[in-house]
Amino acid sequence: MSMARHLRKAVRLPLRRRRVDLSHPARSPLGTSVVNCVAYLDGARQSGACPAGEAIERVRRAAGGFVWIGLHEPTEVEFADIAKLFGLHPLAVEDAVHAHQRPKLERYDDTLFAVFKTVRYVEHDQLTATSEVVDTGEIMVFTGPDFVITVRHGRHGSLGPLREELEADPGQLAKGPSAVLHAIADHVVDDYLAVAEAVQDDIDQVETEVFAPRVGERGTGDPGRIYQLKRELLELKRAVAPLDRPLQQLATQPMRLVDPDIQKYFRDVADHLARVTEQVASFDELLNSILQAHLAQVTVAQNEDMRKITAWAAIIAVPTMVCGVYGMNFDHMPELRWRFGYPLALSVIAVACFAIHRGFRRNGWL
């Protein structure tokens, strides 16, 4: 099992792409929260950075493009101008600013508002009872006829590499804002798959320690570590499970803001999400089984210890009883005046203790 875990890591690590954190001030020249503001016409990125007002006017004059504005943890004041410019609903704006929302999809007039929970696996050398395994964040996406506004919360889940991948495929990007919405959903669910594989390694490690591979060695699983892994798995479940309904809506229900060709791709994302959901459910059941097995091992070990203590107490009871009888100082004790009475008593004690000890060893108590 350990060898298989190392092989999975060897295969997975080269495939991980380094996510660039564009929230750093050095990478955010447009303001404290605006990461990027780009206009796209016919799938091609227009050169030069410009304020959101100028970008949307440019796109609407050309007819056939959209603006993609990316923000990172904006305040109400920072987001107010953009919300007013694009006519965003106040309830959606409040959710985007304050975060801590469940994954969902809502429609406000000509705008779709989607919430995605992002997840990241926290690398650690050794899993402990306090280890953080899954770190979560959020991405809110406002999708309109000619704009996409992404609001990101958390220090991970950067959309910089995703933007680069989309710009490398102008044909897909030319399908409009719904192509960006699909790419973000696909990006988020792919991260779910990567985190699920990493969590499986931790579960394999805990399982190996509970079911010790060496004969005669007790399992060394720590119940605190198992509970911590279950808590972190619950965090992953809260991100994965609620997203099923929004993806099903995007994949099956006709929407004016979603290109029909893009809707086919949402079905693929929904299939991947179903796979992750099944994995998380199986992980939870497996951890329950591991915890029950560990508690059963503890109970068996305690029973074995009690049997040993009971066996030795029975052996010690023989000399205690004999010595107690001879310590009563009666005048007419058996063999009291006999020269070999003392050695005989010791011999009887030794033979009785040996017989009892042999009987316990034969029955597996010692």
# chains A, B, ... in the order shown; residues from 1 in each chain; ligands from 1
call {"tool": "residues_around", "arguments": {"residues": "Leu236 in chain A", "least_positions_apart": "3", "cutoff": "9 Å", "atoms": "only C-alpha atoms", "output": "ChimeraX atom specification"}}
result
/A:119,134-136,192,195-196,231-233,239-241,280
call {"tool": "closest_residue", "arguments": {"among": "A:Glu167, A:Asp305, A:Asp81, A:Glu285", "to": "Asp42 in chain A", "atoms": "only C-alpha atoms"}}
result
A:Glu167
call {"tool": "select_by_dssp", "arguments": {"residues": "range 35-104 of chain A", "states": "helix (DSSP H, G or I)", "output": "ChimeraX atom specification"}}
result
/A:52-62,76-86,90-98
call {"tool": "atom_distance", "arguments": {"atom1": "CA of His294 in chain A", "atom2": "CA of Ser131 in chain A"}}
result
19.8 Å
call {"tool": "closest_residue", "arguments": {"among": "A:Gly224, A:Pro260, A:Pro254, A:Gly324", "to": "Leu291 in chain A", "atoms": "only C-alpha atoms"}}
result
A:Gly224
call {"tool": "closest_residue", "arguments": {"among": "A:Lys264, A:Arg120, A:His72, A:Arg107", "to": "Val199 in chain A", "atoms": "only C-alpha atoms"}}
result
A:Arg120
call {"tool": "residues_around", "arguments": {"residues": "Arg361 in chain A", "least_positions_apart": "6", "cutoff": "10 Å", "atoms": "only C-alpha atoms", "output": "short mmCIF file (atom, residue, chain, number, x, y, z; two decimals) with C-alpha atoms, in the first residue's frame"}}
result
data_model
loop_
_atom_site.label_atom_id
_atom_site.label_comp_id
_atom_site.auth_asym_id
_atom_site.auth_seq_id
_atom_site.Cartn_x
_atom_site.Cartn_y
_atom_site.Cartn_z
CA LYS A 308 -2.74 -11.57 31.25
CA ALA A 311 -3.74 -15.20 34.64
CA ALA A 355 0.63 -26.33 36.06
#
call {"tool": "select_by_dssp", "arguments": {"residues": "range 92-311 of chain A", "states": "strand (DSSP E or B)", "output": "PyMOL selection string"}}
result
chain A and resi 104-108+111-121+134-143+147-153
call {"tool": "write_last_selection", "arguments": {"atoms": "N, CA, C and O atoms", "output": "short mmCIF file (atom, residue, chain, number, x, y, z; two decimals), in the first residue's frame"}}
result
data_model
loop_
_atom_site.label_atom_id
_atom_site.label_comp_id
_atom_site.auth_asym_id
_atom_site.auth_seq_id
_atom_site.Cartn_x
_atom_site.Cartn_y
_atom_site.Cartn_z
N LYS A 104 -23.67 28.04 -5.62
CA LYS A 104 -25.04 28.24 -6.10
C LYS A 104 -25.01 28.93 -7.45
O LYS A 104 -23.97 29.43 -7.90
N LEU A 105 -26.17 28.95 -8.10
CA LEU A 105 -26.36 29.66 -9.36
C LEU A 105 -27.68 30.41 -9.28
O LEU A 105 -28.74 29.81 -9.06
N GLU A 106 -27.63 31.74 -9.46
CA GLU A 106 -28.82 32.58 -9.38
C GLU A 106 -28.88 33.48 -10.61
O GLU A 106 -27.83 33.86 -11.16
N ARG A 107 -30.08 33.81 -11.00
CA ARG A 107 -30.28 34.68 -12.15
C ARG A 107 -30.95 35.97 -11.71
O ARG A 107 -31.98 35.95 -11.04
N TYR A 108 -30.34 37.09 -12.08
CA TYR A 108 -30.89 38.41 -11.81
C TYR A 108 -31.03 39.14 -13.14
O TYR A 108 -30.03 39.60 -13.72
N THR A 111 -28.33 38.80 -15.86
CA THR A 111 -27.04 38.46 -15.26
C THR A 111 -27.15 37.13 -14.52
O THR A 111 -28.11 36.91 -13.76
N LEU A 112 -26.18 36.26 -14.74
CA LEU A 112 -26.05 35.03 -13.96
C LEU A 112 -25.02 35.25 -12.87
O LEU A 112 -23.94 35.81 -13.13
N PHE A 113 -25.34 34.82 -11.67
CA PHE A 113 -24.42 34.93 -10.54
C PHE A 113 -24.12 33.53 -10.03
O PHE A 113 -25.02 32.83 -9.55
N ALA A 114 -22.87 33.11 -10.16
CA ALA A 114 -22.46 31.76 -9.75
C ALA A 114 -21.42 31.87 -8.65
O ALA A 114 -20.55 32.75 -8.68
N VAL A 115 -21.52 30.97 -7.68
CA VAL A 115 -20.56 30.90 -6.58
C VAL A 115 -19.91 29.53 -6.61
O VAL A 115 -20.60 28.50 -6.64
N PHE A 116 -18.58 29.52 -6.59
CA PHE A 116 -17.81 28.28 -6.56
C PHE A 116 -16.90 28.30 -5.33
O PHE A 116 -16.30 29.33 -5.01
N LYS A 117 -16.81 27.15 -4.68
CA LYS A 117 -15.87 26.98 -3.58
C LYS A 117 -14.57 26.42 -4.16
O LYS A 117 -14.57 25.35 -4.79
N THR A 118 -13.48 27.12 -3.96
CA THR A 118 -12.18 26.62 -4.40
C THR A 118 -11.52 25.87 -3.26
O THR A 118 -11.72 26.19 -2.08
N VAL A 119 -10.75 24.86 -3.58
CA VAL A 119 -10.06 24.07 -2.57
C VAL A 119 -8.59 23.92 -2.95
O VAL A 119 -8.24 23.94 -4.13
N ARG A 120 -7.78 23.77 -1.93
CA ARG A 120 -6.34 23.56 -2.12
C ARG A 120 -5.86 22.55 -1.08
O ARG A 120 -6.25 22.64 0.09
N TYR A 121 -5.02 21.63 -1.51
CA TYR A 121 -4.45 20.65 -0.58
C TYR A 121 -3.25 21.27 0.11
O TYR A 121 -2.34 21.81 -0.55
N VAL A 134 -7.17 20.62 4.01
CA VAL A 134 -7.90 21.26 2.91
C VAL A 134 -8.12 22.72 3.25
O VAL A 134 -8.68 23.05 4.31
N ASP A 135 -7.67 23.59 2.36
CA ASP A 135 -7.88 25.03 2.50
C ASP A 135 -8.88 25.47 1.44
O ASP A 135 -8.76 25.10 0.27
N THR A 136 -9.88 26.24 1.84
CA THR A 136 -10.94 26.62 0.91
C THR A 136 -10.96 28.13 0.67
O THR A 136 -10.51 28.91 1.51
N GLY A 137 -11.47 28.49 -0.48
CA GLY A 137 -11.69 29.88 -0.85
C GLY A 137 -12.96 29.97 -1.67
O GLY A 137 -13.74 29.01 -1.72
N GLU A 138 -13.17 31.09 -2.34
CA GLU A 138 -14.39 31.26 -3.12
C GLU A 138 -14.11 32.06 -4.38
O GLU A 138 -13.23 32.94 -4.39
N ILE A 139 -14.86 31.73 -5.42
CA ILE A 139 -14.86 32.52 -6.65
C ILE A 139 -16.31 32.82 -7.01
O ILE A 139 -17.12 31.91 -7.17
N MET A 140 -16.64 34.10 -7.09
CA MET A 140 -17.96 34.54 -7.54
C MET A 140 -17.85 35.03 -8.98
O MET A 140 -16.91 35.76 -9.31
N VAL A 141 -18.79 34.62 -9.81
CA VAL A 141 -18.74 34.98 -11.22
C VAL A 141 -20.05 35.64 -11.63
O VAL A 141 -21.12 35.04 -11.50
N PHE A 142 -19.95 36.89 -12.09
CA PHE A 142 -21.09 37.59 -12.69
C PHE A 142 -20.95 37.46 -14.20
O PHE A 142 -19.94 37.89 -14.77
N THR A 143 -21.95 36.88 -14.84
CA THR A 143 -21.91 36.68 -16.29
C THR A 143 -23.07 37.44 -16.92
O THR A 143 -24.24 37.19 -16.59
N PHE A 147 -20.08 40.93 -20.53
CA PHE A 147 -19.10 41.09 -19.45
C PHE A 147 -19.03 39.84 -18.59
O PHE A 147 -20.00 39.07 -18.49
N VAL A 148 -17.87 39.66 -17.99
CA VAL A 148 -17.64 38.65 -16.96
C VAL A 148 -16.88 39.33 -15.83
O VAL A 148 -15.84 39.96 -16.08
N ILE A 149 -17.41 39.22 -14.63
CA ILE A 149 -16.75 39.80 -13.45
C ILE A 149 -16.49 38.66 -12.47
O ILE A 149 -17.43 37.98 -12.04
N THR A 150 -15.24 38.44 -12.14
CA THR A 150 -14.87 37.39 -11.19
C THR A 150 -14.36 38.03 -9.91
O THR A 150 -13.52 38.94 -9.96
N VAL A 151 -14.87 37.56 -8.81
CA VAL A 151 -14.46 38.05 -7.49
C VAL A 151 -13.90 36.86 -6.73
O VAL A 151 -14.62 35.89 -6.47
N ARG A 152 -12.63 36.95 -6.37
CA ARG A 152 -11.96 35.82 -5.72
C ARG A 152 -11.67 36.15 -4.26
O ARG A 152 -11.24 37.26 -3.94
N HIS A 153 -11.91 35.16 -3.39
CA HIS A 153 -11.60 35.28 -1.97
C HIS A 153 -10.66 34.14 -1.58
O HIS A 153 -10.89 32.99 -1.96
#
call {"tool": "atom_distance", "arguments": {"atom1": "CA of Gly176 in chain A", "atom2": "CA of Leu250 in chain A"}}
result
15.0 Å
call {"tool": "residues_around", "arguments": {"residues": "Arg225 in chain A", "least_positions_apart": "2", "cutoff": "7 Å", "atoms": "only C-alpha atoms", "output": "PDB file with N, CA, C and O atoms, in the first residue's frame"}}
result
ATOM      1  N   LEU A 127       0.953  13.866   9.041  1.00  0.00           N
ATOM      2  CA  LEU A 127      -0.409  14.187   9.441  1.00  0.00           C
ATOM      3  C   LEU A 127      -0.538  14.083  10.949  1.00  0.00           C
ATOM      4  O   LEU A 127      -0.183  13.067  11.545  1.00  0.00           O
ATOM      5  N   THR A 128      -1.030  15.150  11.576  1.00  0.00           N
ATOM      6  CA  THR A 128      -1.234  15.169  13.019  1.00  0.00           C
ATOM      7  C   THR A 128      -2.699  15.443  13.319  1.00  0.00           C
ATOM      8  O   THR A 128      -3.517  15.656  12.421  1.00  0.00           O
ATOM      9  N   ALA A 129      -3.011  15.468  14.620  1.00  0.00           N
ATOM     10  CA  ALA A 129      -4.397  15.699  15.041  1.00  0.00           C
ATOM     11  C   ALA A 129      -4.835  17.138  14.827  1.00  0.00           C
ATOM     12  O   ALA A 129      -6.014  17.455  14.992  1.00  0.00           O
ATOM     13  N   ASP A 222      -3.756   6.905  15.374  1.00  0.00           N
ATOM     14  CA  ASP A 222      -4.175   7.870  16.381  1.00  0.00           C
ATOM     15  C   ASP A 222      -5.603   8.299  16.060  1.00  0.00           C
ATOM     16  O   ASP A 222      -5.853   8.848  14.980  1.00  0.00           O
ATOM     17  N   PRO A 223      -6.565   8.082  16.951  1.00  0.00           N
ATOM     18  CA  PRO A 223      -7.944   8.476  16.648  1.00  0.00           C
ATOM     19  C   PRO A 223      -8.085   9.973  16.405  1.00  0.00           C
ATOM     20  O   PRO A 223      -8.939  10.404  15.644  1.00  0.00           O
ATOM     21  N   TYR A 227     -10.061  11.654  13.254  1.00  0.00           N
ATOM     22  CA  TYR A 227     -11.112  12.664  13.393  1.00  0.00           C
ATOM     23  C   TYR A 227     -10.747  13.939  12.636  1.00  0.00           C
ATOM     24  O   TYR A 227     -11.608  14.569  11.996  1.00  0.00           O
ATOM     25  N   GLN A 228      -9.474  14.342  12.690  1.00  0.00           N
ATOM     26  CA  GLN A 228      -9.042  15.537  11.974  1.00  0.00           C
ATOM     27  C   GLN A 228      -9.208  15.357  10.475  1.00  0.00           C
ATOM     28  O   GLN A 228      -9.657  16.273   9.765  1.00  0.00           O
ATOM     29  N   LEU A 229      -8.878  14.172   9.983  1.00  0.00           N
ATOM     30  CA  LEU A 229      -9.039  13.890   8.553  1.00  0.00           C
ATOM     31  C   LEU A 229     -10.515  13.906   8.164  1.00  0.00           C
ATOM     32  O   LEU A 229     -10.880  14.371   7.075  1.00  0.00           O
TER      33      LEU A 229
END
call {"tool": "atom_distance", "arguments": {"atom1": "CA of Phe66 in chain A", "atom2": "CA of Tyr40 in chain A"}}
result
5.4 Å
call {"tool": "closest_residue", "arguments": {"among": "A:Val276, A:Ala198, A:Ala270, A:Leu71", "to": "Ser158 in chain A", "atoms": "only C-alpha atoms"}}
result
A:Leu71
call {"tool": "closest_residue", "arguments": {"among": "A:Gln126, A:Gln101, A:Ser178, A:Ser33", "to": "Gly65 in chain A", "atoms": "only C-alpha atoms"}}
result
A:Ser178
call {"tool": "closest_residue", "arguments": {"among": "A:Ala313, A:Leu257, A:Ala194, A:Ile56", "to": "Phe360 in chain A", "atoms": "only C-alpha atoms"}}
result
A:Ala313
